[in-house]
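Worksheet: the structure to be examined is printed underneath.
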Amino acid sequence: MAHVVKDTKWCVIDIDTIKGFIFFQQRWAYHWTVKASIPPLSAWTYKEKKAFHDKIDNLLWRIWSYRVHMKVNGISDFAKRFQGKKILINLDVKWVTKDEHWNVEVQKIPAGQFKTSSVDWTTRQIKLDSNDTIPRIGESMKGQVPVAHEFGHAIGNTTILGRGDEYKSTSPHVKDFDSIMNVGNQLRDRHFRTIRDELNKMILNTTLTVQGIT
């Protein structure tokens with residue numbers, strides 16, 4: 001078969017067994033709200049909504065997609081075909097109005113304001129604000145883009161699974177300041193653990209592991 005596809009509660013994964021490529025996608029249903037403020041903010045326009053989603057799309061492409069390559073071992077046809085070769089992953093978010101994996105509340109707030117965003121793995125709820133596509137510049141933030149960090153939670157870097165925010169004092173990676181799950185923008189092998197575990201349930205006699213990150 002050319003494609004092995006699994007649609008879970010939190011993502012859909014498509015393994016192209018002919019080209020040796022993995023496509024990972026989450027379907028996000030947005031809920032657009034506006035923070036009460038003086039002067040009052042206008043309601044979201046379609047143009048603003050599309051611009052916000054497009055920024056997320058571009059940021060995830062730049063920070064997460066095609067950055068990790070995996071290797072495969074096993075006795076399946078797929079494993080034999082791509083033994084010793086790099087298998088890349090494209091990670092994507094699709095804007096939908098039904099059949100969503102995640103419900104995403106995006107609150108419009110005044111420019112320059114900061115609001116803590118969050119991801120609830122159990123209920124698959126994400127809370128963002130209109131400034132979350134802007135890098136946080138400062139001594140402690142290393143230019144981290146909040147939506148890219150929150151996406152990291154949505155792909156399985158969550159305390160529910162024993163791996164979450166790495167800037168907390170309880171994290172073994174608290175001093176890895178460049179990590180996307182700390183205060184930086186860099187990816188680590190461990191950030192793909194949940195995806196890897198899901199991949200390894202998809203093809204019999206096949207094991208995928210992270211080989212490297214660029």
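Identifiers for the structure tokens are assigned positionally: chains receive A, B, ... in sequence, residues are indexed from 1 per chain, and ligands are indexed from 1 in the order shown.
Residues within 6 Å of segment 98-112 of chain A, counting only C-alpha atoms and excluding same-chain residues fewer than 3 positions away, are Lys9, Trp10, Arg27, Trp28, Ala29, Tyr30, His31, Trp32, Thr33, Val34, Lys35, Arg124, Gln125, Ile126, Lys127, Leu128, Asp129 and Ser130 of chain A.
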Using only C-alpha atoms, tabulate the residues of segment 84-152 of chain A lying at most 7 Å from any atom of segment 38-58 of chain A, each with its closest atom pair and that distance in Å to one decimal, by chain and increasing residue number, as CSV.
residue,atom,partner,partner_atom,distance
A:Asp92,CA,A:Asp57,CA,6.9
A:Val93,CA,A:Asp57,CA,6.5
A:Thr133,CA,A:Lys55,CA,6.6
Any chance you can output those residues with N, CA and C atoms as a JSON list (two decimals), in the first residue's frame?
[["chain", "number", "residue", "atom", "x", "y", "z"],
["A", 92, "ASP", "N", 1.79, 20.11, 10.13],
["A", 92, "ASP", "CA", 0.87, 21.09, 9.54],
["A", 92, "ASP", "C", -0.36, 21.27, 10.43],
["A", 93, "VAL", "N", -0.95, 22.46, 10.34],
["A", 93, "VAL", "CA", -2.23, 22.74, 11.00],
["A", 93, "VAL", "C", -3.23, 23.16, 9.93],
["A", 133, "THR", "N", 1.78, 35.16, 17.56],
["A", 133, "THR", "CA", 2.65, 34.88, 16.42],
["A", 133, "THR", "C", 3.86, 35.80, 16.40]]
- Query: What lies within 8 Å of Tyr66 of chain A using only C-alpha atoms, ignoring chain neighbours under 5 positions off, as JSON, numbers by chain?
  - Reply: {"A": [61, 88, 89, 90, 91]}
- Task: Enumerate, as an NGL selection string, the complete set of residues in chain A that a backbone-based DSSP assignment places in strand (DSSP E or B).
- Result: :A and (3-7 or 12-16 or 21-34 or 68-74 or 87-96 or 102-108 or 118-120 or 125-129 or 136 or 144 or 179 or 186 or 206-213)
Using C-alpha atoms, can you export the residues from the last selection as an mmCIF file, in the first residue's frame?
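Output file result-v7.cif is given in full below:
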data_model
loop_
_atom_site.group_PDB
_atom_site.id
_atom_site.type_symbol
_atom_site.label_atom_id
_atom_site.label_comp_id
_atom_site.auth_asym_id
_atom_site.auth_seq_id
_atom_site.Cartn_x
_atom_site.Cartn_y
_atom_site.Cartn_z
ATOM 1 C CA HIS A 3 -0.107 5.203 2.296
ATOM 2 C CA VAL A 4 -0.665 4.080 5.854
ATOM 3 C CA VAL A 5 -2.944 6.605 7.586
ATOM 4 C CA LYS A 6 -4.055 6.892 11.195
ATOM 5 C CA ASP A 7 -6.531 9.513 12.392
ATOM 6 C CA VAL A 12 -3.760 12.465 11.626
ATOM 7 C CA ILE A 13 -0.546 10.807 10.450
ATOM 8 C CA ASP A 14 0.070 9.688 6.872
ATOM 9 C CA ILE A 15 3.113 7.540 6.109
ATOM 10 C CA ASP A 16 3.942 7.498 2.403
ATOM 11 C CA PHE A 21 7.764 10.624 3.826
ATOM 12 C CA ILE A 22 5.561 11.404 6.855
ATOM 13 C CA PHE A 23 2.770 13.969 6.861
ATOM 14 C CA PHE A 24 1.472 15.002 10.286
ATOM 15 C CA GLN A 25 -1.565 17.255 10.543
ATOM 16 C CA GLN A 26 -3.876 18.630 13.211
ATOM 17 C CA ARG A 27 -7.310 20.024 12.394
ATOM 18 C CA TRP A 28 -7.970 23.214 14.355
ATOM 19 C CA ALA A 29 -11.439 24.736 14.794
ATOM 20 C CA TYR A 30 -10.970 28.376 15.750
ATOM 21 C CA HIS A 31 -13.217 30.344 18.089
ATOM 22 C CA TRP A 32 -12.583 34.069 17.742
ATOM 23 C CA THR A 33 -13.109 36.294 20.801
ATOM 24 C CA VAL A 34 -12.258 39.877 21.713
ATOM 25 C CA VAL A 68 13.670 16.249 11.966
ATOM 26 C CA HIS A 69 14.621 13.179 10.017
ATOM 27 C CA MET A 70 13.962 9.652 11.173
ATOM 28 C CA LYS A 71 15.469 6.272 10.461
ATOM 29 C CA VAL A 72 13.594 3.009 10.152
ATOM 30 C CA ASN A 73 14.421 -0.517 11.237
ATOM 31 C CA GLY A 74 12.464 -3.740 10.890
ATOM 32 C CA ILE A 87 12.618 10.018 6.443
ATOM 33 C CA LEU A 88 11.367 13.583 6.806
ATOM 34 C CA ILE A 89 8.238 14.848 8.596
ATOM 35 C CA ASN A 90 6.031 17.724 7.512
ATOM 36 C CA LEU A 91 3.960 19.091 10.419
ATOM 37 C CA ASP A 92 0.871 21.093 9.539
ATOM 38 C CA VAL A 93 -2.228 22.737 10.999
ATOM 39 C CA LYS A 94 -5.451 22.872 8.981
ATOM 40 C CA TRP A 95 -8.214 25.397 9.684
ATOM 41 C CA VAL A 96 -11.549 23.529 9.809
ATOM 42 C CA TRP A 102 -8.498 20.743 18.634
ATOM 43 C CA ASN A 103 -10.775 23.632 19.595
ATOM 44 C CA VAL A 104 -8.690 26.796 19.552
ATOM 45 C CA GLU A 105 -9.827 30.018 21.210
ATOM 46 C CA VAL A 106 -8.001 33.054 19.855
ATOM 47 C CA GLN A 107 -8.610 36.259 21.785
ATOM 48 C CA LYS A 108 -7.900 39.614 20.170
ATOM 49 C CA SER A 118 -2.285 27.208 27.212
ATOM 50 C CA VAL A 119 -2.993 23.729 25.895
ATOM 51 C CA ASP A 120 -5.256 21.222 27.645
ATOM 52 C CA GLN A 125 -8.487 22.869 24.039
ATOM 53 C CA ILE A 126 -5.934 25.502 23.034
ATOM 54 C CA LYS A 127 -6.031 29.128 24.171
ATOM 55 C CA LEU A 128 -4.090 31.715 22.175
ATOM 56 C CA ASP A 129 -4.130 35.474 21.717
ATOM 57 C CA ARG A 136 8.947 37.354 22.648
ATOM 58 C CA GLN A 144 10.487 32.431 21.284
ATOM 59 C CA SER A 179 14.725 24.400 23.677
ATOM 60 C CA GLN A 186 15.217 24.869 18.974
ATOM 61 C CA THR A 206 8.659 -1.459 11.827
ATOM 62 C CA THR A 207 10.420 0.877 14.259
ATOM 63 C CA LEU A 208 11.026 4.560 13.578
ATOM 64 C CA THR A 209 13.436 6.640 15.663
ATOM 65 C CA VAL A 210 14.719 10.193 15.404
ATOM 66 C CA GLN A 211 18.076 10.197 13.635
ATOM 67 C CA GLY A 212 18.793 13.921 13.662
ATOM 68 C CA ILE A 213 17.513 17.486 13.653
#
- Item | segment 146-161 of chain A surroundings by only C-alpha atoms, 6 Å radius, close-in-sequence under 3 positions cut, as number ranges by chain | A: 132-133, 164, 180-181, 194
- DSSP on the backbone, then: every residue of chain A marked alpha helix (DSSP H), written as a PyMOL selection string. chain A and resi 46-63+77-81+146-154+193-199
Could you please take those selected residues and save C-alpha atoms as a PDB file, in the first residue's frame?
ATOM      1  CA  TYR A  46     -12.239  37.355   7.921  1.00  0.00           C
ATOM      2  CA  LYS A  47      -9.076  39.018   6.599  1.00  0.00           C
ATOM      3  CA  GLU A  48      -7.626  39.165  10.133  1.00  0.00           C
ATOM      4  CA  LYS A  49      -8.570  35.568  10.835  1.00  0.00           C
ATOM      5  CA  LYS A  50      -6.962  34.340   7.639  1.00  0.00           C
ATOM      6  CA  ALA A  51      -3.825  36.410   8.286  1.00  0.00           C
ATOM      7  CA  PHE A  52      -3.516  34.934  11.780  1.00  0.00           C
ATOM      8  CA  HIS A  53      -3.861  31.356  10.530  1.00  0.00           C
ATOM      9  CA  ASP A  54      -1.440  31.992   7.664  1.00  0.00           C
ATOM     10  CA  LYS A  55       1.143  33.270  10.155  1.00  0.00           C
ATOM     11  CA  ILE A  56       0.730  30.093  12.213  1.00  0.00           C
ATOM     12  CA  ASP A  57       1.098  27.999   9.077  1.00  0.00           C
ATOM     13  CA  ASN A  58       4.311  29.777   8.086  1.00  0.00           C
ATOM     14  CA  LEU A  59       5.772  29.695  11.599  1.00  0.00           C
ATOM     15  CA  LEU A  60       5.189  25.972  12.047  1.00  0.00           C
ATOM     16  CA  TRP A  61       6.642  25.344   8.612  1.00  0.00           C
ATOM     17  CA  ARG A  62       9.770  27.290   9.531  1.00  0.00           C
ATOM     18  CA  ILE A  63      10.237  26.065  13.109  1.00  0.00           C
ATOM     19  CA  ASP A  77       8.679  -3.938   3.138  1.00  0.00           C
ATOM     20  CA  PHE A  78       8.701  -0.269   4.146  1.00  0.00           C
ATOM     21  CA  ALA A  79      11.552  -0.782   6.608  1.00  0.00           C
ATOM     22  CA  LYS A  80      13.624  -2.710   4.081  1.00  0.00           C
ATOM     23  CA  ARG A  81      13.000  -0.125   1.343  1.00  0.00           C
ATOM     24  CA  PRO A 146       4.442  31.502  21.660  1.00  0.00           C
ATOM     25  CA  VAL A 147       2.307  29.640  19.117  1.00  0.00           C
ATOM     26  CA  ALA A 148       5.267  27.412  18.195  1.00  0.00           C
ATOM     27  CA  HIS A 149       5.739  26.555  21.883  1.00  0.00           C
ATOM     28  CA  GLU A 150       2.045  25.800  22.337  1.00  0.00           C
ATOM     29  CA  PHE A 151       2.072  23.611  19.226  1.00  0.00           C
ATOM     30  CA  GLY A 152       4.805  21.628  20.957  1.00  0.00           C
ATOM     31  CA  HIS A 153       2.366  20.885  23.762  1.00  0.00           C
ATOM     32  CA  ALA A 154      -0.337  19.926  21.245  1.00  0.00           C
ATOM     33  CA  ARG A 193       8.515  11.189  21.435  1.00  0.00           C
ATOM     34  CA  THR A 194       4.698  11.123  21.293  1.00  0.00           C
ATOM     35  CA  ILE A 195       4.679  11.263  17.489  1.00  0.00           C
ATOM     36  CA  ARG A 196       7.337   8.531  17.351  1.00  0.00           C
ATOM     37  CA  ASP A 197       5.304   6.301  19.663  1.00  0.00           C
ATOM     38  CA  GLU A 198       2.236   6.753  17.447  1.00  0.00           C
ATOM     39  CA  LEU A 199       4.217   6.024  14.291  1.00  0.00           C
TER      40      LEU A 199
END
